[in-house]
$ cat data_19.tsv   # TSV, C-alpha atoms
chain	number	residue	atom	x	y	z
A	1	THR	CA	126.08	208.67	133.18
A	2	GLU	CA	122.31	208.57	133.46
A	3	SER	CA	122.06	206.66	130.15
A	4	CYS	CA	124.69	204.16	131.24
A	5	GLY	CA	122.94	203.61	134.55
A	6	SER	CA	119.58	203.07	132.81
A	7	THR	CA	121.13	200.48	130.51
A	8	THR	CA	122.64	198.67	133.49
A	9	MET	CA	119.31	198.61	135.30
A	10	LEU	CA	117.53	197.32	132.15
A	11	SER	CA	120.13	194.56	131.65
A	12	SER	CA	119.74	193.45	135.26
A	13	ALA	CA	115.97	193.34	134.88
A	14	LEU	CA	116.25	191.21	131.72
A	15	ARG	CA	118.61	188.78	133.45
A	16	ARG	CA	116.24	188.42	136.42
A	17	SER	CA	113.32	187.83	134.03
A	18	ALA	CA	115.26	185.19	132.06
A	19	LEU	CA	116.27	183.37	135.25
A	20	SER	CA	112.72	183.40	136.60
A	21	ASN	CA	111.36	182.01	133.31
A	22	ARG	CA	114.03	179.37	132.81
A	23	ALA	CA	112.06	176.68	134.60
A	24	THR	CA	109.06	177.19	132.32
A	25	LEU	CA	111.00	177.16	129.00
A	26	PRO	CA	111.46	173.85	127.12
A	27	LEU	CA	115.02	172.58	126.98
A	28	LEU	CA	116.46	172.98	123.49
A	29	ARG	CA	118.60	170.12	122.19
A	30	SER	CA	119.03	168.05	119.07
A	31	PHE	CA	116.92	164.93	118.68
A	32	ALA	CA	118.62	161.66	119.59
A	33	SER	CA	119.34	159.38	116.62
A	34	GLY	CA	121.62	156.47	115.92
A	35	PRO	CA	123.71	156.17	112.75
A	36	SER	CA	121.83	155.22	109.60
A	37	SER	CA	124.47	152.75	108.40
A	38	GLY	CA	125.55	149.74	110.41
A	39	GLY	CA	128.95	149.25	108.77
A	40	GLU	CA	130.72	148.63	105.49
A	41	ILE	CA	130.87	145.55	103.26
A	42	SER	CA	133.82	145.10	100.91
A	43	ASP	CA	133.38	144.21	97.25
A	44	GLU	CA	135.05	140.86	97.95
A	45	LEU	CA	132.63	139.95	100.74
A	46	LEU	CA	129.67	141.18	98.70
A	47	GLN	CA	130.68	138.87	95.86
A	48	LYS	CA	130.98	135.93	98.26
A	49	LEU	CA	127.57	136.59	99.75
A	50	GLY	CA	126.15	136.60	96.24
A	51	THR	CA	127.28	133.00	95.69
A	52	LEU	CA	124.97	131.78	98.46
A	53	SER	CA	121.26	131.06	98.37
A	54	THR	CA	118.79	133.23	100.21
A	55	GLN	CA	117.84	130.15	102.24
A	56	GLY	CA	121.40	129.70	103.46
A	57	LEU	CA	121.64	133.36	104.46
A	58	VAL	CA	118.34	133.23	106.35
A	59	ASP	CA	119.50	130.10	108.15
A	60	GLY	CA	122.79	131.76	109.05
A	61	LEU	CA	121.07	134.73	110.65
A	62	TRP	CA	118.53	132.46	112.34
A	63	VAL	CA	121.12	130.43	114.25
A	64	MET	CA	122.71	133.71	115.39
A	65	GLY	CA	119.39	134.70	116.94
A	66	TRP	CA	118.73	137.64	114.61
A	67	PRO	CA	115.11	138.56	113.72
A	68	ASN	CA	113.49	137.82	110.38
A	69	ALA	CA	115.80	138.83	107.56
A	70	GLN	CA	113.58	138.07	104.56
A	71	ILE	CA	111.55	140.84	102.96
A	72	ASN	CA	108.26	138.99	102.81
A	73	GLY	CA	106.19	139.64	99.71
A	74	SER	CA	108.91	141.06	97.45
A	75	ARG	CA	109.01	138.80	94.40
A	76	PRO	CA	111.13	138.92	91.24
A	77	LEU	CA	109.47	140.16	88.06
A	78	SER	CA	111.17	137.23	86.34
A	79	SER	CA	112.12	133.91	87.95
A	80	THR	CA	115.65	134.16	86.53
A	81	MET	CA	116.43	137.42	88.32
A	82	LYS	CA	119.05	137.58	91.07
A	83	CYS	CA	120.27	140.73	92.79
A	84	VAL	CA	123.36	141.33	94.90
A	85	GLY	CA	124.39	144.70	96.26
A	86	ARG	CA	124.66	147.19	99.09
A	87	ALA	CA	121.44	148.91	100.08
A	88	VAL	CA	120.70	152.47	99.03
A	89	THR	CA	117.42	153.33	100.74
A	90	LEU	CA	114.52	155.60	99.88
A	91	LYS	CA	111.52	156.29	102.10
A	92	PHE	CA	108.13	157.40	100.81
A	93	VAL	CA	105.51	159.06	103.01
A	94	PRO	CA	101.75	159.46	102.42
A	95	ALA	CA	100.86	162.31	100.10
A	96	ARG	CA	99.98	165.66	101.71
A	97	PRO	CA	100.02	169.13	100.13
A	98	ASP	CA	102.70	170.55	102.42
A	99	ILE	CA	104.90	167.49	101.90
A	100	ALA	CA	104.73	168.00	98.14
A	101	GLN	CA	105.58	171.69	98.62
A	102	ASP	CA	108.43	171.23	101.10
A	103	LYS	CA	110.37	168.34	99.59
A	104	PRO	CA	113.14	169.29	97.14
A	105	ALA	CA	111.67	169.59	93.65
A	106	GLY	CA	112.63	168.24	90.26
A	107	GLY	CA	116.06	166.70	89.93
A	108	GLU	CA	116.82	167.48	93.59
A	109	SER	CA	114.07	165.15	94.82
A	110	PRO	CA	115.21	162.47	97.30
A	111	GLU	CA	114.38	159.70	94.81
A	112	TYR	CA	116.76	161.09	92.21
A	113	GLU	CA	119.40	161.60	94.87
A	114	ALA	CA	119.05	157.89	95.63
A	115	PHE	CA	119.23	156.98	91.93
A	116	GLU	CA	122.58	158.73	91.57
A	117	LEU	CA	124.04	156.79	94.51
A	118	CYS	CA	123.34	153.49	92.76
A	119	GLY	CA	125.62	151.48	90.51
A	120	PRO	CA	126.42	147.83	89.75
A	121	ASN	CA	127.18	147.05	93.42
A	122	GLU	CA	124.10	148.78	94.86
A	123	VAL	CA	120.47	147.73	95.25
A	124	LEU	CA	117.87	150.48	95.55
A	125	CYS	CA	115.46	149.65	98.40
A	126	MET	CA	112.24	151.67	98.31
A	127	GLU	CA	109.79	151.78	101.23
A	128	ALA	CA	106.31	152.41	99.84
A	129	VAL	CA	103.29	153.30	101.97
A	130	GLY	CA	101.32	150.31	100.70
A	131	PRO	CA	101.77	147.15	98.63
A	132	TRP	CA	99.80	148.42	95.62
A	133	GLU	CA	101.36	151.88	95.41
A	134	SER	CA	103.68	152.48	92.46
A	135	VAL	CA	107.28	153.41	93.21
A	136	GLY	CA	107.98	154.17	89.53
A	137	GLY	CA	107.90	153.04	85.94
A	138	ASP	CA	109.61	153.26	82.58
A	139	ILE	CA	110.67	156.93	82.49
A	140	LYS	CA	112.06	157.12	86.03
A	141	PHE	CA	113.64	153.68	85.89
A	142	LEU	CA	115.39	154.41	82.60
A	143	ARG	CA	117.91	156.23	84.78
A	144	LEU	CA	118.44	153.07	86.82
A	145	LYS	CA	119.19	151.19	83.61
A	146	GLN	CA	121.71	153.88	82.68
A	147	ARG	CA	123.29	153.54	86.11
A	148	ALA	CA	123.49	149.74	85.59
A	149	ILE	CA	122.24	149.17	89.12
A	150	GLY	CA	122.53	145.85	90.91
A	151	GLY	CA	118.78	145.71	91.53
A	152	LEU	CA	115.61	147.30	92.87
A	153	VAL	CA	113.63	146.00	95.85
A	154	THR	CA	110.36	147.40	97.18
A	155	ASN	CA	107.40	146.49	99.33
A	156	GLY	CA	105.27	148.42	96.82
A	157	SER	CA	104.54	147.81	93.15
A	158	VAL	CA	106.05	148.87	89.82
A	159	ARG	CA	104.36	149.90	86.59
A	160	ASP	CA	105.27	149.67	82.88
A	161	THR	CA	106.36	146.10	83.51
A	162	ASP	CA	107.32	145.21	79.93
A	163	GLU	CA	109.70	148.15	79.70
A	164	VAL	CA	111.19	147.50	83.13
A	165	LEU	CA	111.84	143.88	82.16
A	166	ASP	CA	113.54	145.09	78.98
A	167	TYR	CA	115.81	147.35	81.04
A	168	GLY	CA	117.42	144.18	82.37
A	169	PHE	CA	118.16	145.07	86.00
A	170	PRO	CA	116.75	142.73	88.68
A	171	CYS	CA	113.48	144.03	90.13
A	172	PHE	CA	111.68	142.63	93.18
A	173	SER	CA	108.29	144.04	94.17
A	174	HIS	CA	105.03	143.11	95.85
A	175	SER	CA	103.28	143.23	92.49
A	176	VAL	CA	102.73	145.31	89.37
A	177	THR	CA	100.20	148.08	88.86
A	178	ALA	CA	98.89	150.58	86.33
A	179	CYS	CA	98.34	153.22	89.02
A	180	GLN	CA	100.43	156.35	89.51
A	181	GLY	CA	102.35	156.76	92.74
A	182	PRO	CA	102.32	160.55	93.37
A	183	ALA	CA	98.60	160.54	94.16
A	184	ALA	CA	99.26	158.31	97.17
A	185	MET	CA	102.80	159.06	98.34
A	186	GLN	CA	105.84	161.27	97.97
A	187	PRO	CA	109.57	160.43	98.19
A	188	TRP	CA	110.84	161.98	101.41
A	189	LYS	CA	114.25	160.76	102.54
A	190	CYS	CA	117.30	159.08	101.02
A	191	ASN	CA	119.62	156.70	102.86
A	192	ASP	CA	117.93	156.41	106.22
A	193	VAL	CA	116.78	153.28	108.05
A	194	ILE	CA	113.63	151.91	106.40
A	195	ASN	CA	111.06	149.18	107.08
A	196	LEU	CA	110.15	146.75	104.30
A	197	ASN	CA	107.24	144.62	105.51
A	198	GLY	CA	108.67	144.36	109.02
A	199	THR	CA	112.29	143.83	107.99
A	200	VAL	CA	114.73	146.63	108.72
A	201	VAL	CA	117.10	147.82	105.98
A	202	ARG	CA	120.01	150.10	106.77
A	203	PRO	CA	122.08	151.81	104.09
A	204	GLY	CA	125.06	149.59	103.28
A	205	ASP	CA	123.43	146.30	104.29
A	206	ALA	CA	123.87	143.46	101.80
A	207	ILE	CA	120.73	142.75	99.76
A	208	ILE	CA	120.53	139.32	98.15
A	209	GLY	CA	117.52	138.33	96.05
A	210	ASP	CA	116.62	135.23	94.06
A	211	GLN	CA	113.54	133.24	93.07
A	212	ASP	CA	112.75	132.50	96.73
A	213	GLY	CA	112.75	136.13	97.82
A	214	VAL	CA	115.01	138.88	99.17
A	215	VAL	CA	117.23	138.70	102.26
A	216	VAL	CA	118.86	141.57	104.17
A	217	VAL	CA	122.28	140.75	105.64
A	218	PRO	CA	123.22	143.41	108.22
A	219	ALA	CA	126.60	144.91	107.42
A	220	LYS	CA	127.74	144.54	111.02
A	221	VAL	CA	127.57	140.73	110.92
A	222	ALA	CA	127.95	140.04	107.20
A	223	GLU	CA	131.30	138.23	107.48
A	224	THR	CA	130.00	135.91	110.21
A	225	VAL	CA	126.79	135.20	108.31
A	226	TYR	CA	128.82	134.24	105.25
A	227	LYS	CA	130.95	131.77	107.21
A	228	ILE	CA	127.90	130.10	108.76
A	229	ALA	CA	125.86	129.98	105.56
A	230	HIS	CA	128.77	128.79	103.43
A	231	GLY	CA	129.46	125.98	105.88
A	232	ARG	CA	125.80	124.97	105.91
A	233	GLU	CA	125.59	124.85	102.13
A	234	GLU	CA	128.69	122.63	101.92
A	235	ILE	CA	127.09	120.22	104.37
A	236	GLU	CA	123.77	120.21	102.55
A	237	GLU	CA	125.53	119.24	99.32
A	238	ILE	CA	127.22	116.35	101.11
A	239	VAL	CA	123.89	115.16	102.52
A	240	LYS	CA	122.18	115.34	99.12
A	241	GLU	CA	125.06	113.46	97.51
A	242	GLU	CA	124.82	110.73	100.16
A	243	LEU	CA	121.05	110.40	99.78
A	244	THR	CA	121.44	110.18	96.02
A	245	LYS	CA	123.95	107.33	96.31
A	246	ASN	CA	122.06	105.60	99.12
A	247	PRO	CA	118.35	106.49	98.78
A	248	GLY	CA	116.41	106.63	102.01
A	249	PRO	CA	114.62	108.95	104.44
A	250	PRO	CA	116.68	112.05	105.23
A	251	GLY	CA	115.56	112.03	108.85
A	252	LYS	CA	118.69	110.28	110.09
A	253	PHE	CA	120.68	113.41	109.31
A	254	TYR	CA	118.38	115.67	111.30
A	255	PRO	CA	118.20	117.79	113.40
A	256	PHE	CA	120.68	119.88	111.47
A	257	MET	CA	121.56	123.15	113.20
A	258	SER	CA	124.80	125.03	112.69
A	259	GLY	CA	126.96	124.98	115.79
A	260	LYS	CA	125.11	121.98	117.27
A	261	ILE	CA	126.05	118.99	115.11
A	262	LYS	CA	127.21	116.15	117.35
A	263	VAL	CA	130.31	114.27	116.19
A	264	GLU	CA	128.77	110.91	117.09
A	265	SER	CA	125.55	111.53	115.14
A	266	PRO	CA	125.01	110.01	111.67
A	267	LEU	CA	125.49	113.47	110.17
A	268	GLY	CA	128.65	114.05	112.18
A	269	GLN	CA	130.08	110.71	111.06
A	270	LEU	CA	129.23	111.44	107.42
A	271	LEU	CA	131.00	114.80	107.64
A	272	LEU	CA	134.07	113.25	109.23
A	273	SER	CA	134.27	110.83	106.30
A	274	LYS	CA	134.38	113.83	103.96
A	275	GLY	CA	137.11	115.61	105.90
A	276	ILE	CA	134.86	118.10	107.70
A	277	THR	CA	135.79	118.00	111.38
A	278	PRO	CA	135.46	120.13	114.53
A	279	ASP	CA	138.98	121.33	113.81
A	280	ASN	CA	138.05	122.97	110.52
A	281	SER	CA	134.31	123.68	110.80
A	282	ASN	CA	132.19	125.88	113.04
A	283	GLN	CA	129.13	123.70	112.42
A	284	PHE	CA	129.88	121.21	115.22
A	285	GLU	CA	128.72	121.37	118.81
A	286	GLY	CA	130.99	123.60	120.88
A	287	LYS	CA	132.59	125.18	117.82
A	288	ALA	CA	130.14	128.00	117.15
A	289	ASP	CA	132.16	131.22	116.84
A	290	TRP	CA	129.31	133.69	116.78
$ encode --input "data_19.tsv" --output "structure tokens"
Amino acid sequence: TESCGSTTMLSSALRRSALSNRATLPLLRSFASGPSSGGEISDELLQKLGTLSTQGLVDGLWVMGWPNAQINGSRPLSSTMKCVGRAVTLKFVPARPDIAQDKPAGGESPEYEAFELCGPNEVLCMEAVGPWESVGGDIKFLRLKQRAIGGLVTNGSVRDTDEVLDYGFPCFSHSVTACQGPAAMQPWKCNDVINLNGTVVRPGDAIIGDQDGVVVVPAKVAETVYKIAHGREEIEEIVKEELTKNPGPPGKFYPFMSGKIKVESPLGQLLLSKGITPDNSNQFEGKADW
């Protein structure tokens, strides 16, 4: 009985102590975070986006009021390269001894995890810590060749350029370098939101690259962007055809902004003559559906 009573008294004391200290203890909860991916893009839509120019895609996002979608500074290793695919992302962080010790080693490293997620319909997007830091070269990227990836895009640099060109997959980078990457940075996380020169990339976004650069089409609005950009490119072809047949300053067909073309304008009249009307196009004033 004495032992039981002592235990009861001790338990009561502990409860009183916990209650009195509650106000001074930090609240324990998980950190707030939104989802990494913004949606899904079908193979069919991905293929359609790949038929458009990067300029048309940028223009489509611009009229919707979205921020800059081009990854400034990422250039193709060869002018003939074009990439189309869903983003698989990889984030590097500055090198530090504990980072090197704590990240998964060898084949379990986040970069190799990202490699294995890539295939013909994926583009590996790598956030480097600086434009001249190497994200990889011939030995690492041999695996990307074996995976037949849709492309590689980085705000950093690549090394072993001749071999990478021979591998055949599209590669867009700030530049090329002979330097090693591990001395400056370590791969840290696969498939999270990354920042490539001020442009956000989320896993699953559409990545389209050509000679003019690389554009990120957010998955959430990819279908709408395609409709706007496709309509714009059709109109641009009509304008070029007209100016070829009847040479003259192009100014009479401007301003040209999707969703704001006036029917009575010279451009509006030209489009009507080609069968493009407010009834079948979202490019006219009052017909914007975004």
$ closest_residue --input "data_19.tsv" --among "A:Pro76, A:Gly107, A:Pro131, A:Pro278" --to "Gly209 of chain A" --atoms "only C-alpha atoms"
A:Pro76
$ atom_distance --input "data_19.tsv" --atom1 "atom CA of Asp192 of chain A" --atom2 "atom CA of Gly60 of chain A"
25.3 Å
$ residues_near_point --input "data_19.tsv" --point "(123.9, 147.2, 101.9)" --cutoff "7 Å" --atoms "only C-alpha atoms" --output "PyMOL selection string"
chain A and resi 85-88+202-207+219
$ residues_around --input "data_19.tsv" --residues "segment 156-173 of chain A" --least-positions-apart "4" --cutoff "7 Å" --atoms "only C-alpha atoms" --output "PyMOL selection string"
chain A and resi 74-77+81-83+128+130-138+145+149-152+177-178
$ write_last_selection --input "data_19.tsv" --atoms "C-alpha atoms" --output "compact mmCIF listing (two decimals), keeping the file's coordinate frame"
# COMPACT_ATOMS: atom_id res chain seq x y z
CA SER A 74 108.91 141.06 97.45
CA ARG A 75 109.01 138.80 94.40
CA PRO A 76 111.13 138.92 91.24
CA LEU A 77 109.47 140.16 88.06
CA MET A 81 116.43 137.42 88.32
CA LYS A 82 119.05 137.58 91.07
CA CYS A 83 120.27 140.73 92.79
CA ALA A 128 106.31 152.41 99.84
CA GLY A 130 101.32 150.31 100.70
CA PRO A 131 101.77 147.15 98.63
CA TRP A 132 99.80 148.42 95.62
CA GLU A 133 101.36 151.88 95.41
CA SER A 134 103.68 152.48 92.46
CA VAL A 135 107.28 153.41 93.21
CA GLY A 136 107.98 154.17 89.53
CA GLY A 137 107.90 153.04 85.94
CA ASP A 138 109.61 153.26 82.58
CA LYS A 145 119.19 151.19 83.61
CA ILE A 149 122.24 149.17 89.12
CA GLY A 150 122.53 145.85 90.91
CA GLY A 151 118.78 145.71 91.53
CA LEU A 152 115.61 147.30 92.87
CA THR A 177 100.20 148.08 88.86
CA ALA A 178 98.89 150.58 86.33
$ atom_distance --input "data_19.tsv" --atom1 "atom CA of Pro266 of chain A" --atom2 "atom CA of Lys287 of chain A"
18.0 Å
$ residues_around --input "data_19.tsv" --residues "Gly259 of chain A" --least-positions-apart "6" --cutoff "7 Å" --atoms "all atoms listed in the file" --output "VMD selection string"
chain A and resid 282 to 288
$ residues_near_point --input "data_19.tsv" --point "(115.7, 148.6, 110.1)" --cutoff "12 Å" --atoms "all atoms listed in the file" --output "PyMOL selection string"
chain A and resi 34-38+67-69+71+87+89+91+125+127+191-205+216-219
$ residues_around --input "data_19.tsv" --residues "Asp98 of chain A" --least-positions-apart "5" --cutoff "12 Å" --atoms "all atoms listed in the file" --output "NGL selection string"
:A and (93 or 103-104 or 186 or 188)
$ residues_around --input "data_19.tsv" --residues "Gly231 of chain A" --least-positions-apart "3" --cutoff "12 Å" --atoms "only C-alpha atoms" --output "list in words"
Leu52, Gly56, Leu57, Asp59, Gly60, Thr224, Val225, Tyr226, Lys227, Ile228, Glu234, Ile235, Glu236, Glu237, Ile238, Met257, Ser258, Gly259, Leu271, Ile276, Thr277, Asn280, Ser281, Asn282, Gln283, Phe284 and Ala288 of chain A
$ atom_distance --input "data_19.tsv" --atom1 "atom CA of Val84 of chain A" --atom2 "atom CA of Glu113 of chain A"
20.7 Å
$ closest_residue --input "data_19.tsv" --among "A:Val221, A:Pro120, A:Phe256, A:Ser78" --to "Gly65 of chain A" --atoms "only C-alpha atoms"
A:Val221
